[in-house]
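S.K.: What follows is a single structure, and I will ask about it in a moment.
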Protein chains: 2
Amino acid sequence: MRSKEVPTPSLIIDLNVAEANLDRMARYCKSRGVNLRPHTKTHKMPEIAKMQVDRGAIGLTVAKVGEAEVMVAAGLDNILVAFPIWGSDNMRRLAALANGHRILLALDNEDTAQELSRAATSQGSTISVLVEFDTGLHRCGLRPGPDCVKLATRIQGLEGLRLHGLMTYYGNVWGSKENRIAETAIVAERVGTTLDAFAKAGIEVNVVSGGSTPAALLSDRIPGITEIRPGTYVYNDMNTFYQGVCTLEECAVRIVTSVVSVAVPGRAILDAGSKTLSSDLLSSGPKSGYGHIVEVPDAKLFCLSEEHGWLDTTRCDTRICVGDVVSVIPNHVCTCINMHDEAYLVRNGQVVGQSRIAARGKVR
Amino acid sequence: MRSKEVPTPSLIIDLNVAEANLDRMARYCKSRGVNLRPHTKTHKMPEIAKMQVDRGAIGLTVAKVGEAEVMVAAGLDNILVAFPIWGSDNMRRLAALANGHRILLALDNEDTAQELSRAATSQGSTISVLVEFDTGLHRCGLRPGPDCVKLATRIQGLEGLRLHGLMTYYGNVWGSKENRIAETAIVAERVGTTLDAFAKAGIEVNVVSGGSTPAALLSDRIPGITEIRPGTYVYNDMNTFYQGVCTLEECAVRIVTSVVSVAVPGRAILDAGSKTLSSDLLSSGPKSGYGHIVEVPDAKLFCLSEEHGWLDTTRCDTRICVGDVVSVIPNHVCTCINMHDEAYLVRNGQVVGQSRIAARGKVR
């Protein structure tokens, strides 16, 4: 079956493209001496995680305990939960995973550390902890410097926890190359401030974990970063494209969708809406539209209902008919993937398999 | 377990509230002599569909064949696929369902009708067809009047199909009551034009299916409508609230979420982001924010990352701490539900069960 003969709508992953993307990032990290701990939130598939580890990734990143459980069940190890989880159920499950596996958690406050310590202690496990600090995104994370040292010292005193280093997520490195370079300079300064404070306190920092696909290739501008956690790079999407971080050919995921109605003049309706593509708007580039139509780029996907994609065809040279099949590169591949229970795997235009997106929908 | 003691984040459904919502719509439809064919896209659960049928619904509405399959497997029947599906796989599965079950499909073009006829014929089944016409939303549907008659006549000549009537979706009936009333008048005129054309052609119209929650209570302003297809009314959300169609107390679904970080001044971060709430913005009311925080309404959920909800707490009187548990009423409950594999069921503040959202993620 050719890739455009799949039932519509379907999510397809071009393995050739994904592998080339994985190879490129692996080579970059090796050449710069920075470790790679890819975020699995993008693909949510142990098969892809294994491809990342096979190419030298030192471990994996997840956001939820449920995602870590899926990866561990598939034989993967050394997993950082880059989210300050809360609640006895989440803590208990994380501590259980840490029995026999290397589990790390990033957190930014003592209450979370104490809860985690209680859970680890009750199960006789040890969890490595990274102190999260804020390098300009202003989401989670302590102010760079002494506040981080203070929390690190408390963590050192808690049973079941092992202070392992620092984590930051610099999602503020976004947009045009100029903007990304300017924000990277801010990140570098804040990382430096924090490392200085730890050096002054005489506390060893084994790891400084940084992140993101748009910042990945700027990592050598941030002295002190020992590992990075890009996620999107495996597939790319219109957000990475508009930042100049990839070409359209380097986008590995497409939604294959049929035209189902052309009854309203100037419109063509697709069988893919927000429950197939996600309703994420572009957050880079032109900031409009819900995805790029590969075969008919002048048809604008200007609106999504839950199951209908609305194409504006008034500027189209091509006549679009019911039954035409087109491919959409999503704005945000991470939220798009999360809509789907399974994907078709493609090589050289041919479907070579199907895969369950095993960690999809792991909200906890 | 009390409803706020569930692991976070979780989706909870207050059954008392949902039942009252179902009762109210059932009473309205009965009093006005209009049939109710609820859209299951909102709840995606056979258990709720059965509650709708038990209260007098004549059948159900779905958007995807996979949703119809879930409902049929649970013993439900008389199902309208209110979407012009395409492709041999979708057609084959629909025709298979129509063997032994009453299945209806809405469509607006002859190509789709011919494909459907081929599928039905090859399986020896009969599918009832509604001709979709456009009453002002300008999404799918033929122009009101003779175009509809022409397609209906073609359908009458196709084997395996039974012309059953008309369908329209008037999502343009939206917003303030004044706007909804004004748009309802447009809908009524277009329904009238179409029925006149069928009367003139001497073609019987068994059913005229109309729709939507915001328009439901205005149905008696549209002469000729025989059934309505509201979906959201079972749970309600901030979009229906801001249209004055429900109170906050009539919103049956909440996301229970923990505060996980307050490290950045003026912020509190929740463990529910766009992969838990969906990234749908409000499309009524103030058109900002990603949901209503029940316990701290002055905390604004102004931004979502995939797994982080960003609260602006600068105008909060209450001090918000890590570990605080709050409840979010989503902007758009249909896309929010679709993020979750399961829900906790609640009565009188107590968890009374868990239910799988069996039709979640049925993209086909």
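If you're wondering about the labels, chains in the structure tokens are A, B, ... by order shown, residues count from 1 in each chain, ligands from 1 in order shown.
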Show which residues sit within 10 Å of Thr232 in chain A, as number ranges by chain. Count only C-alpha atoms, and ignore same-chain residues fewer than 5 positions away.

M.R.: A: 21, 38-43, 212-214, 237, 239-240, 251, 332-334

S.K.: Given a cut-off of 6 Å, which residues of chain B touch chain A, counting only C-alpha atoms, written out as a ChimeraX atom specification?

M.R.: /B:7,84,89,141-142,260,263

S.K.: Output N, CA and C atoms for every residue in the selection just made, as a compact mmCIF listing (two decimals), in the first residue's frame.

M.R.:
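Output file part29.txt is given in full below:
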```txt
# COMPACT_ATOMS: atom_id res chain seq x y z
N PRO B 7 -6.22 11.04 41.85
CA PRO B 7 -4.88 11.41 41.37
C PRO B 7 -5.01 12.54 40.34
N PRO B 84 -19.80 13.51 5.98
CA PRO B 84 -19.73 12.86 4.67
C PRO B 84 -18.44 12.06 4.51
N ASP B 89 -12.35 1.97 2.84
CA ASP B 89 -12.33 1.36 4.17
C ASP B 89 -13.47 1.89 5.03
N GLY B 141 -22.57 21.13 2.89
CA GLY B 141 -23.99 21.25 2.58
C GLY B 141 -24.26 22.05 1.33
N LEU B 142 -25.24 21.57 0.57
CA LEU B 142 -25.65 22.24 -0.66
C LEU B 142 -26.42 23.51 -0.35
N VAL B 260 1.74 22.57 41.06
CA VAL B 260 3.02 21.86 41.17
C VAL B 260 4.20 22.80 41.32
N ALA B 263 7.26 28.74 41.98
CA ALA B 263 8.62 29.31 42.10
C ALA B 263 8.74 30.68 41.44
```

S.K.: Where in range 51-133 of chain A does DSSP assign alpha helix (DSSP H), given as an MDAnalysis selection string?

M.R.: chainID A and resid 51:54 65:73 88:97 110:123

S.K.: Can you list, as a PDB file with C-alpha atoms, in the first residue's frame, every protein, DNA or RNA residue that comes within 12 Å of Glu47 in chain A when you count only C-alpha atoms, leaving out same-chain residues fewer than 6 positions away?

M.R.:
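So part_0.pdb came out as:
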```pdb
ATOM      1  CA  LEU A  15      10.901   6.431   8.930  1.00  0.00           C
ATOM      2  CA  GLU A  19      16.029   8.361  11.068  1.00  0.00           C
ATOM      3  CA  THR A  40       9.659  11.275  24.312  1.00  0.00           C
ATOM      4  CA  VAL A  53      19.181   5.119  22.502  1.00  0.00           C
ATOM      5  CA  ASP A  54      20.735   3.015  19.729  1.00  0.00           C
ATOM      6  CA  VAL A  70       5.498   2.674  29.200  1.00  0.00           C
ATOM      7  CA  MET A  71       9.192   3.193  28.456  1.00  0.00           C
ATOM      8  CA  ALA A  73       7.933  -1.742  30.393  1.00  0.00           C
ATOM      9  CA  ALA A  74       9.566  -1.730  26.950  1.00  0.00           C
ATOM     10  CA  GLY A  75      13.013  -2.270  28.476  1.00  0.00           C
ATOM     11  CA  LEU A  76      14.240   1.324  28.488  1.00  0.00           C
ATOM     12  CA  LEU A 345       5.018   3.645   9.252  1.00  0.00           C
ATOM     13  CA  GLN A 354       1.665   0.104  11.889  1.00  0.00           C
ATOM     14  CA  SER A 355       2.617   1.078  15.406  1.00  0.00           C
ATOM     15  CA  ARG A 356       0.675   1.803  18.551  1.00  0.00           C
ATOM     16  CA  ILE A 357       1.452   5.180  20.124  1.00  0.00           C
ATOM     17  CA  ALA A 358       1.763   3.452  23.456  1.00  0.00           C
ATOM     18  CA  ALA A 359       2.252   6.477  25.720  1.00  0.00           C
TER      19      ALA A 359
END
```

S.K.: Do you have the CA of Met45 in chain B-CA of Val328 in chain B distance handy?

M.R.: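 Interatomic distance here is 21.0 Å.
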
S.K.: Between A:Ile228, A:Pro146, A:Ser122, A:Arg315, which one has atoms that come closest to Gly33 in chain A, using only C-alpha atoms?

M.R.: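 Ranked by minimum distance to Gly33 in chain A, first place goes to A:Ile228.
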
S.K.: Among range 22-148 of chain B, which residues carry a DSSP assignment of strand (DSSP E or B), reported as a list in words?

M.R.: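 Matching residues, listed in order: Asn35, Leu36, His39, Leu60, Thr61, Val62, Ile79, Leu80, Val81, Ile103, Leu104, Leu105, Ala106, Leu107, Ile127, Ser128, Val129, Leu130, Val131, Glu132, Phe133 and Leu142 of chain B.
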
S.K.: I'd like the neighbourhood of Leu301 in chain B as a PDB file with all heavy atoms, in the first residue's frame, where a residue qualifies if any of its atoms comes within 9 Å (using only C-alpha atoms), though same-chain residues fewer than 3 positions away should be ignored.

M.R.:
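Printed below is result.pdb as written:
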```pdb
ATOM      1  N   SER B 288     -10.725  34.677  26.030  1.00  0.00           N
ATOM      2  CA  SER B 288      -9.366  34.567  26.547  1.00  0.00           C
ATOM      3  C   SER B 288      -9.345  33.486  27.603  1.00  0.00           C
ATOM      4  O   SER B 288     -10.372  33.142  28.184  1.00  0.00           O
ATOM      5  CB  SER B 288      -8.903  35.900  27.139  1.00  0.00           C
ATOM      6  OG  SER B 288      -9.621  36.164  28.318  1.00  0.00           O
ATOM      7  N   GLY B 289      -8.179  32.940  27.839  1.00  0.00           N
ATOM      8  CA  GLY B 289      -8.047  31.949  28.888  1.00  0.00           C
ATOM      9  C   GLY B 289      -8.406  30.554  28.410  1.00  0.00           C
ATOM     10  O   GLY B 289      -9.028  30.364  27.368  1.00  0.00           O
ATOM     11  N   TYR B 290      -7.973  29.568  29.234  1.00  0.00           N
ATOM     12  CA  TYR B 290      -8.112  28.170  28.845  1.00  0.00           C
ATOM     13  C   TYR B 290      -9.011  27.366  29.778  1.00  0.00           C
ATOM     14  O   TYR B 290      -8.951  26.148  29.787  1.00  0.00           O
ATOM     15  CB  TYR B 290      -6.717  27.539  28.733  1.00  0.00           C
ATOM     16  CG  TYR B 290      -5.948  28.069  27.552  1.00  0.00           C
ATOM     17  CD1 TYR B 290      -5.112  29.166  27.666  1.00  0.00           C
ATOM     18  CD2 TYR B 290      -6.113  27.489  26.301  1.00  0.00           C
ATOM     19  CE1 TYR B 290      -4.434  29.666  26.559  1.00  0.00           C
ATOM     20  CE2 TYR B 290      -5.443  27.968  25.196  1.00  0.00           C
ATOM     21  CZ  TYR B 290      -4.606  29.055  25.328  1.00  0.00           C
ATOM     22  OH  TYR B 290      -3.956  29.543  24.232  1.00  0.00           O
ATOM     23  N   GLY B 291      -9.813  28.057  30.564  1.00  0.00           N
ATOM     24  CA  GLY B 291     -10.718  27.352  31.462  1.00  0.00           C
ATOM     25  C   GLY B 291     -10.944  28.176  32.720  1.00  0.00           C
ATOM     26  O   GLY B 291     -10.209  29.120  33.004  1.00  0.00           O
ATOM     27  N   HIS B 292     -11.978  27.773  33.450  1.00  0.00           N
ATOM     28  CA  HIS B 292     -12.404  28.513  34.642  1.00  0.00           C
ATOM     29  C   HIS B 292     -11.962  27.742  35.879  1.00  0.00           C
ATOM     30  O   HIS B 292     -12.283  26.555  36.023  1.00  0.00           O
ATOM     31  CB  HIS B 292     -13.931  28.647  34.602  1.00  0.00           C
ATOM     32  CG  HIS B 292     -14.527  29.249  35.821  1.00  0.00           C
ATOM     33  ND1 HIS B 292     -14.544  30.610  36.047  1.00  0.00           N
ATOM     34  CD2 HIS B 292     -15.147  28.675  36.894  1.00  0.00           C
ATOM     35  CE1 HIS B 292     -15.143  30.853  37.203  1.00  0.00           C
ATOM     36  NE2 HIS B 292     -15.527  29.699  37.733  1.00  0.00           N
ATOM     37  N   ILE B 293     -11.216  28.405  36.773  1.00  0.00           N
ATOM     38  CA  ILE B 293     -10.765  27.754  38.005  1.00  0.00           C
ATOM     39  C   ILE B 293     -11.869  27.925  39.046  1.00  0.00           C
ATOM     40  O   ILE B 293     -12.110  29.034  39.528  1.00  0.00           O
ATOM     41  CB  ILE B 293      -9.456  28.379  38.530  1.00  0.00           C
ATOM     42  CG1 ILE B 293      -8.412  28.518  37.405  1.00  0.00           C
ATOM     43  CG2 ILE B 293      -8.908  27.565  39.702  1.00  0.00           C
ATOM     44  CD1 ILE B 293      -7.865  27.240  36.877  1.00  0.00           C
ATOM     45  N   LEU B 304      -1.221  27.656  28.180  1.00  0.00           N
ATOM     46  CA  LEU B 304      -1.013  26.219  28.357  1.00  0.00           C
ATOM     47  C   LEU B 304       0.240  25.790  27.602  1.00  0.00           C
ATOM     48  O   LEU B 304       0.386  26.102  26.419  1.00  0.00           O
ATOM     49  CB  LEU B 304      -2.189  25.413  27.801  1.00  0.00           C
ATOM     50  CG  LEU B 304      -3.571  25.577  28.425  1.00  0.00           C
ATOM     51  CD1 LEU B 304      -4.561  24.648  27.718  1.00  0.00           C
ATOM     52  CD2 LEU B 304      -3.553  25.296  29.928  1.00  0.00           C
ATOM     53  N   GLY B 309      -0.207  24.054  33.043  1.00  0.00           N
ATOM     54  CA  GLY B 309      -1.187  25.129  32.986  1.00  0.00           C
ATOM     55  C   GLY B 309      -0.622  26.328  33.733  1.00  0.00           C
ATOM     56  O   GLY B 309      -0.192  26.203  34.877  1.00  0.00           O
ATOM     57  N   TRP B 310      -0.600  27.475  33.073  1.00  0.00           N
ATOM     58  CA  TRP B 310       0.012  28.680  33.655  1.00  0.00           C
ATOM     59  C   TRP B 310      -1.075  29.553  34.280  1.00  0.00           C
ATOM     60  O   TRP B 310      -1.870  30.149  33.555  1.00  0.00           O
ATOM     61  CB  TRP B 310       0.704  29.512  32.587  1.00  0.00           C
ATOM     62  CG  TRP B 310       1.799  28.890  31.783  1.00  0.00           C
ATOM     63  CD1 TRP B 310       1.786  27.682  31.157  1.00  0.00           C
ATOM     64  CD2 TRP B 310       3.075  29.484  31.479  1.00  0.00           C
ATOM     65  NE1 TRP B 310       2.978  27.497  30.480  1.00  0.00           N
ATOM     66  CE2 TRP B 310       3.779  28.582  30.657  1.00  0.00           C
ATOM     67  CE3 TRP B 310       3.686  30.698  31.817  1.00  0.00           C
ATOM     68  CZ2 TRP B 310       5.056  28.849  30.164  1.00  0.00           C
ATOM     69  CZ3 TRP B 310       4.954  30.975  31.324  1.00  0.00           C
ATOM     70  CH2 TRP B 310       5.637  30.048  30.522  1.00  0.00           C
ATOM     71  N   LEU B 311      -1.062  29.676  35.584  1.00  0.00           N
ATOM     72  CA  LEU B 311      -2.007  30.564  36.274  1.00  0.00           C
ATOM     73  C   LEU B 311      -1.337  31.895  36.581  1.00  0.00           C
ATOM     74  O   LEU B 311      -0.228  31.928  37.130  1.00  0.00           O
ATOM     75  CB  LEU B 311      -2.453  29.957  37.602  1.00  0.00           C
ATOM     76  CG  LEU B 311      -3.507  28.865  37.618  1.00  0.00           C
ATOM     77  CD1 LEU B 311      -3.867  28.523  39.065  1.00  0.00           C
ATOM     78  CD2 LEU B 311      -4.753  29.305  36.861  1.00  0.00           C
ATOM     79  N   ASP B 312      -2.043  32.979  36.254  1.00  0.00           N
ATOM     80  CA  ASP B 312      -1.624  34.313  36.689  1.00  0.00           C
ATOM     81  C   ASP B 312      -2.295  34.566  38.037  1.00  0.00           C
ATOM     82  O   ASP B 312      -3.524  34.636  38.115  1.00  0.00           O
ATOM     83  CB  ASP B 312      -2.071  35.346  35.650  1.00  0.00           C
ATOM     84  CG  ASP B 312      -1.769  36.772  36.083  1.00  0.00           C
ATOM     85  OD1 ASP B 312      -1.317  36.985  37.232  1.00  0.00           O
ATOM     86  OD2 ASP B 312      -2.000  37.683  35.269  1.00  0.00           O
TER      87      ASP B 312
END
```

S.K.: Find the residues near Ala201 in chain A: any atom within 12 Å, counting only C-alpha atoms, skip ones fewer than 5 places away on the same chain, and give them as a list in words.

M.R.: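 Surrounding residues, per the criterion: Gly145, Pro146, Asp147, Cys148, Val149, Lys150, Ala152, Thr153, Thr194, Leu195 and Asp196 of chain A.
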
S.K.: May I have the residues within 12 Å of Gly59 in chain A as an NGL selection string, using only C-alpha atoms and disregarding those fewer than 2 positions away in the same chain?

M.R.: :A and (35-40 or 49-57 or 61-62 or 68 or 71-72 or 75-81 or 101-104 or 209 or 227-229)

S.K.: Given the choices B:Leu282, B:Ile203, B:Ala106, B:Ala20, which gets closest to Cys246 in chain B if the distance is worked out from only C-alpha atoms?

M.R.: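 For Cys246 in chain B, the nearest of the candidates is B:Ala20.
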
S.K.: My list of candidates is A:Lys30, A:Arg92, A:His164, A:Arg221. Which is closest to Leu130 in chain A when distances are computed with only C-alpha atoms?

M.R.: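 Closest to Leu130 in chain A, using only C-alpha atoms: A:His164.
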
S.K.: For Ile155 in chain A, list every protein, DNA or RNA residue within 8 Å, evaluated using only C-alpha atoms, and leave out those in the same chain fewer than 6 positions away; present the list as a count of residues only.

M.R.: 6
